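Step one of this worksheet: look at the structure below.
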Amino acid sequence: MNWKHVIGGVIAGVAASYIAKEAIIKNSGLSSNEVLQIAKAAFKEKGPINGSWIQMEKETLLTLESSFTVYRGGITRMNGDKQEVFEFVSDSETGNILDVNQLA
């Protein structure tokens, strides 16, 4: 057996497993639609929702303690005769809302 073939096979196996691991990590967790449904349910507890949106791409949110893979989205609702607009950041693994900012 030729050592070059063995070493080449080992390198190819390591590279393939790394690529597979990265693909699994990127695609794990909840879909953007599932995260949006969780956020809408949380906002509906305080009143009806007029509209909602969510970014389809995950992004990394870095904090001092750790990092999260998140989705960003938004909710609009009426409070009396005034429209309220909220932006939220949700964990892509659990759907938990990590941050909410009222824009209007």
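Each chain of the structure tokens is named A, B, ... in the order shown, its residues numbered from 1; ligands are numbered from 1 in display order.
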Inset, instruction - Write out as number ranges by chain which residues come within 8 Å of region 47-49 of chain A when counting only C-alpha atoms, dropping same-chain ones fewer than 2 positions away. - result: A: 40, 43-45, 51-52, 75-79
How would the residues just chosen look if you wrote them out with N, CA and C atoms as a compact mmCIF listing (two decimals), in the first residue's frame?
```txt
# COMPACT_ATOMS: atom_id res chain seq x y z
N LYS A 40 -44.75 36.10 16.96
CA LYS A 40 -46.11 36.62 16.81
C LYS A 40 -46.99 36.18 17.98
N PHE A 43 -46.17 38.40 20.94
CA PHE A 43 -46.70 39.76 20.80
C PHE A 43 -48.22 39.78 20.87
N LYS A 44 -48.89 38.72 20.42
CA LYS A 44 -50.36 38.67 20.45
C LYS A 44 -50.90 38.66 21.87
N GLU A 45 -50.08 38.28 22.84
CA GLU A 45 -50.52 38.29 24.23
C GLU A 45 -50.86 39.70 24.70
N GLY A 51 -49.08 43.45 11.21
CA GLY A 51 -48.14 42.94 10.23
C GLY A 51 -46.89 42.39 10.90
N SER A 52 -46.13 41.65 10.11
CA SER A 52 -44.89 41.06 10.64
C SER A 52 -43.94 40.77 9.49
N ILE A 75 -42.58 43.47 14.08
CA ILE A 75 -44.02 43.33 14.32
C ILE A 75 -44.62 44.74 14.31
N THR A 76 -45.78 44.89 13.69
CA THR A 76 -46.54 46.14 13.82
C THR A 76 -47.89 45.81 14.42
N ARG A 77 -48.37 46.72 15.25
CA ARG A 77 -49.68 46.55 15.87
C ARG A 77 -50.25 47.91 16.21
N MET A 78 -51.55 47.95 16.41
CA MET A 78 -52.24 49.19 16.77
C MET A 78 -52.44 49.21 18.28
N ASN A 79 -52.15 50.36 18.87
CA ASN A 79 -52.41 50.61 20.28
C ASN A 79 -53.36 51.79 20.30
```
Inset, instruction - Kindly give the distance, in Å, that separates CA of Gly29 (chain A) and CA of Thr69 (chain A), rounded to a single decimal. - result: 9.3 Å
Inset, instruction - Give the answer as one residue: which of A:Thr63, A:Asn2, A:Asn33, A:Gln102 has the shortest atom-to-atom distance to Gln83 (chain A), using only C-alpha atoms? - result: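 Among the listed residues, A:Gln102 lies closest to Gln83 (chain A).
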Legend entry - Phe88 (chain A) environment, 8 Å, only C-alpha atoms, sequence neighbours closer than 6 positions dropped, as a PyMOL selection string: chain A and resi 72-75+97-101
Legend entry - Gap from CA of Gly80 (chain A) to CA of Asn96 (chain A) - Å, one decimal: 27.5 Å
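Between Thr60 (chain A) and the residues A:Gly95, A:Ser31, A:Leu103, A:Val89, the shortest atom-to-atom distance, using only C-alpha atoms, involves A:Val89.
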Inset, instruction - Would you return as an MDAnalysis selection string the members of region 24-80 of chain A that DSSP assigns to helix (DSSP H, G or I) on this structure's backbone? - result: chainID A and resid 24:27 32:44
